[in-house]
Amino acid sequence: MVKIYTRKGDDGTTSLWYGGRVPKTNLRTEAYGTLDEAASALGVARSLCRDERLGPDLLRVQNELFVAGAELATAPEASGRLEAGVSRVSEEMVERLERDIDSYMAEVKLPPKFVIPGGTQLSAQLDVARAVLRRAERRIVALTREEDLAGSSLLPYVNRAADLLFAMARFADVSEPELFEGRG
């Protein structure tokens with residue numbers, strides 16, 4: 001039997017990739033923990049999804065959130081060891097999100113008012129995941145003010161990922177036209 005506990009975190013610290021320990025309340029830990037929460041919220045959304053287009057896109061974003069989390073969970077002095085698209089967010093990942101946003105929004109007509117989450121169970125869960133990503137974004141901004149994340153595509157990625165979840169939620173809303181004004 002594999003034991004998943006080490007007891008090392010019982011002192012309130014956690015390990016970073018490639019060495020070092022930080023408090024579990026550290027800004028870096030808060031940021032990647034919030035990304036983990038967003039990935040879990042997307043798992044709930046994916047379990048509700050029956051759309052052949054949304055499902056694979058949601059899974060891809062979940063996987064990419066782990067790439068972003070890996071970048072955040074790496075000790076700053078070891079950041080040179082990270083690999084773009086595997087353990088570091090790449091500009092190509094950001095560009096892919098932008099194409100996806102445009103593609104989903106091409107099929108959605110936004111109402112001329114704020115969108116209230118809850119048109120469908122799936123869209124509501126996507127909005128929850130989006131809100132969690134926005135919190136992660138705030139944590140990353142706070143971390144950036146403490147540490148240099150220069151040259152990283154991490155913040156643009158999280159920003160676009162939240163935008164994509166908004167677009168996906170509106171796309172998922174179209175089956176409830178009285179709750180949302182549907183596709184364009």
# chains A, B, ... in the order shown; residues from 1 in each chain; ligands from 1

call {"tool": "residues_around", "arguments": {"residues": "A:Met168", "least_positions_apart": "3", "cutoff": "8 Å", "atoms": "only C-alpha atoms", "output": "list in words"}}
result
Leu54, Ile101, Tyr104, Ser123, Leu126, Leu164, Leu165, Phe171 and Ala172 of chain A

call {"tool": "select_by_dssp", "arguments": {"residues": "stretch 22-76 of chain A", "states": "alpha helix (DSSP H)", "output": "CSV table (one decimal) with N, CA and C atoms, in the first residue's frame"}}
result
chain,number,residue,atom,x,y,z
A,27,LEU,N,2.1,33.4,-0.2
A,27,LEU,CA,1.4,33.8,-1.4
A,27,LEU,C,1.5,32.8,-2.6
A,28,ARG,N,2.6,32.2,-2.7
A,28,ARG,CA,2.8,31.2,-3.8
A,28,ARG,C,1.9,30.0,-3.5
A,29,THR,N,1.8,29.6,-2.3
A,29,THR,CA,1.0,28.4,-2.0
A,29,THR,C,-0.5,28.8,-2.1
A,30,GLU,N,-0.9,30.0,-1.7
A,30,GLU,CA,-2.2,30.4,-1.9
A,30,GLU,C,-2.6,30.4,-3.4
A,31,ALA,N,-1.7,30.9,-4.2
A,31,ALA,CA,-2.0,31.0,-5.7
A,31,ALA,C,-2.2,29.6,-6.3
A,32,TYR,N,-1.2,28.7,-6.1
A,32,TYR,CA,-1.4,27.4,-6.7
A,32,TYR,C,-2.5,26.6,-6.1
A,33,GLY,N,-2.7,26.8,-4.8
A,33,GLY,CA,-3.9,26.1,-4.2
A,33,GLY,C,-5.2,26.6,-4.7
A,34,THR,N,-5.3,27.9,-5.1
A,34,THR,CA,-6.5,28.4,-5.7
A,34,THR,C,-6.7,27.9,-7.1
A,35,LEU,N,-5.6,27.7,-7.8
A,35,LEU,CA,-5.6,27.0,-9.1
A,35,LEU,C,-6.1,25.6,-9.0
A,36,ASP,N,-5.7,24.9,-8.0
A,36,ASP,CA,-6.1,23.5,-7.8
A,36,ASP,C,-7.6,23.5,-7.5
A,37,GLU,N,-8.1,24.5,-6.7
A,37,GLU,CA,-9.5,24.6,-6.4
A,37,GLU,C,-10.3,24.8,-7.7
A,38,ALA,N,-9.8,25.7,-8.6
A,38,ALA,CA,-10.4,26.0,-9.9
A,38,ALA,C,-10.5,24.7,-10.7
A,39,ALA,N,-9.4,24.0,-10.8
A,39,ALA,CA,-9.4,22.7,-11.5
A,39,ALA,C,-10.4,21.7,-11.0
A,40,SER,N,-10.6,21.7,-9.7
A,40,SER,CA,-11.6,20.8,-9.1
A,40,SER,C,-13.0,21.3,-9.5
A,41,ALA,N,-13.2,22.6,-9.4
A,41,ALA,CA,-14.5,23.1,-9.9
A,41,ALA,C,-14.8,22.8,-11.3
A,42,LEU,N,-13.8,22.8,-12.1
A,42,LEU,CA,-13.9,22.5,-13.6
A,42,LEU,C,-14.2,21.0,-13.7
A,43,GLY,N,-13.7,20.2,-12.8
A,43,GLY,CA,-14.1,18.7,-12.8
A,43,GLY,C,-15.5,18.5,-12.6
A,44,VAL,N,-16.1,19.3,-11.7
A,44,VAL,CA,-17.6,19.2,-11.5
A,44,VAL,C,-18.3,19.6,-12.7
A,45,ALA,N,-17.9,20.7,-13.3
A,45,ALA,CA,-18.5,21.2,-14.6
A,45,ALA,C,-18.4,20.1,-15.7
A,46,ARG,N,-17.2,19.5,-15.8
A,46,ARG,CA,-17.0,18.5,-16.8
A,46,ARG,C,-17.9,17.3,-16.6
A,47,SER,N,-18.1,16.9,-15.3
A,47,SER,CA,-19.0,15.8,-15.0
A,47,SER,C,-20.4,16.1,-15.4
A,48,LEU,N,-20.8,17.3,-15.5
A,48,LEU,CA,-22.2,17.7,-15.9
A,48,LEU,C,-22.3,17.9,-17.4
A,54,LEU,N,-17.5,21.2,-25.6
A,54,LEU,CA,-17.1,21.7,-24.3
A,54,LEU,C,-16.3,20.7,-23.5
A,55,GLY,N,-16.7,19.5,-23.4
A,55,GLY,CA,-16.0,18.5,-22.6
A,55,GLY,C,-14.5,18.4,-22.8
A,56,PRO,N,-14.0,18.2,-24.0
A,56,PRO,CA,-12.6,18.1,-24.3
A,56,PRO,C,-11.9,19.5,-23.9
A,57,ASP,N,-12.5,20.6,-24.2
A,57,ASP,CA,-11.9,21.9,-23.9
A,57,ASP,C,-11.8,22.1,-22.4
A,58,LEU,N,-12.8,21.6,-21.7
A,58,LEU,CA,-12.7,21.7,-20.2
A,58,LEU,C,-11.6,20.9,-19.7
A,59,LEU,N,-11.4,19.7,-20.2
A,59,LEU,CA,-10.3,18.8,-19.7
A,59,LEU,C,-9.0,19.4,-20.1
A,60,ARG,N,-8.8,20.0,-21.2
A,60,ARG,CA,-7.6,20.7,-21.6
A,60,ARG,C,-7.3,21.8,-20.6
A,61,VAL,N,-8.3,22.6,-20.3
A,61,VAL,CA,-8.0,23.7,-19.3
A,61,VAL,C,-7.6,23.2,-18.0
A,62,GLN,N,-8.3,22.1,-17.5
A,62,GLN,CA,-7.9,21.5,-16.3
A,62,GLN,C,-6.4,21.1,-16.3
A,63,ASN,N,-6.0,20.4,-17.3
A,63,ASN,CA,-4.6,20.0,-17.5
A,63,ASN,C,-3.7,21.2,-17.5
A,64,GLU,N,-4.1,22.3,-18.2
A,64,GLU,CA,-3.2,23.5,-18.2
A,64,GLU,C,-3.2,24.2,-16.9
A,65,LEU,N,-4.2,24.1,-16.1
A,65,LEU,CA,-4.2,24.7,-14.7
A,65,LEU,C,-3.1,24.0,-13.9
A,66,PHE,N,-2.9,22.7,-14.1
A,66,PHE,CA,-1.8,22.0,-13.4
A,66,PHE,C,-0.4,22.5,-13.9
A,67,VAL,N,-0.3,22.8,-15.2
A,67,VAL,CA,0.9,23.4,-15.7
A,67,VAL,C,1.2,24.7,-15.0
A,68,ALA,N,0.1,25.6,-14.9
A,68,ALA,CA,0.3,26.9,-14.2
A,68,ALA,C,0.6,26.6,-12.7
A,69,GLY,N,0.0,25.7,-12.1
A,69,GLY,CA,0.3,25.3,-10.7
A,69,GLY,C,1.7,24.9,-10.5
A,70,ALA,N,2.2,24.1,-11.5
A,70,ALA,CA,3.6,23.6,-11.4
A,70,ALA,C,4.6,24.8,-11.4
A,71,GLU,N,4.3,25.8,-12.3
A,71,GLU,CA,5.1,27.0,-12.4
A,71,GLU,C,5.1,27.7,-11.0
A,72,LEU,N,3.9,27.8,-10.4
A,72,LEU,CA,3.8,28.5,-9.1
A,72,LEU,C,4.5,27.7,-8.0

call {"tool": "select_by_dssp", "arguments": {"residues": "stretch 20-179 of chain A", "states": "strand (DSSP E or B)", "output": "PyMOL selection string"}}
result
chain A and resi 21-23+74+84+88

call {"tool": "closest_residue", "arguments": {"among": "A:Arg160, A:Arg170, A:Arg50, A:Arg139", "to": "A:Asn26", "atoms": "only C-alpha atoms"}}
result
A:Arg139

call {"tool": "residues_around", "arguments": {"residues": "A:Pro23", "least_positions_apart": "5", "cutoff": "9 Å", "atoms": "only C-alpha atoms", "output": "PDB file with N, CA and C atoms, in the first residue's frame"}}
result
ATOM      1  N   ASP A  11       3.981  20.749  10.304  1.00  0.00           N
ATOM      2  CA  ASP A  11       4.507  21.967  10.938  1.00  0.00           C
ATOM      3  C   ASP A  11       3.988  23.235  10.258  1.00  0.00           C
ATOM      4  N   GLY A  12       3.066  23.080   9.294  1.00  0.00           N
ATOM      5  CA  GLY A  12       2.484  24.237   8.620  1.00  0.00           C
ATOM      6  C   GLY A  12       3.274  24.718   7.418  1.00  0.00           C
ATOM      7  N   THR A  13       4.207  23.881   6.937  1.00  0.00           N
ATOM      8  CA  THR A  13       4.976  24.237   5.742  1.00  0.00           C
ATOM      9  C   THR A  13       4.714  23.211   4.655  1.00  0.00           C
ATOM     10  N   THR A  14       5.116  23.565   3.431  1.00  0.00           N
ATOM     11  CA  THR A  14       4.990  22.645   2.303  1.00  0.00           C
ATOM     12  C   THR A  14       6.227  22.776   1.421  1.00  0.00           C
ATOM     13  N   SER A  15       6.509  21.726   0.676  1.00  0.00           N
ATOM     14  CA  SER A  15       7.676  21.714  -0.211  1.00  0.00           C
ATOM     15  C   SER A  15       7.371  22.390  -1.533  1.00  0.00           C
ATOM     16  N   THR A  29       1.840  29.551  -2.311  1.00  0.00           N
ATOM     17  CA  THR A  29       0.996  28.409  -1.966  1.00  0.00           C
ATOM     18  C   THR A  29      -0.481  28.767  -2.131  1.00  0.00           C
TER      19      THR A  29
END

call {"tool": "closest_atom_pairs", "arguments": {"of": "stretch 128-171 of chain A", "to": "stretch 80-91 of chain A", "cutoff": "8 Å", "atoms": "only C-alpha atoms", "output": "Markdown table"}}
result
| residue | atom | partner | partner_atom | distance |
| --- | --- | --- | --- | --- |
| A:Ser152 | CA | A:Val89 | CA | 7.2 |
| A:Ser153 | CA | A:Val89 | CA | 5.7 |
| A:Leu154 | CA | A:Val89 | CA | 5.7 |
| A:Tyr157 | CA | A:Val89 | CA | 7.3 |

call {"tool": "residues_around", "arguments": {"residues": "A:Glu147", "least_positions_apart": "3", "cutoff": "10 Å", "atoms": "only C-alpha atoms", "output": "list in words"}}
result
Leu27, Arg28, Pro76, Ile140, Val141, Ala142, Leu143, Thr144 and Ala150 of chain A
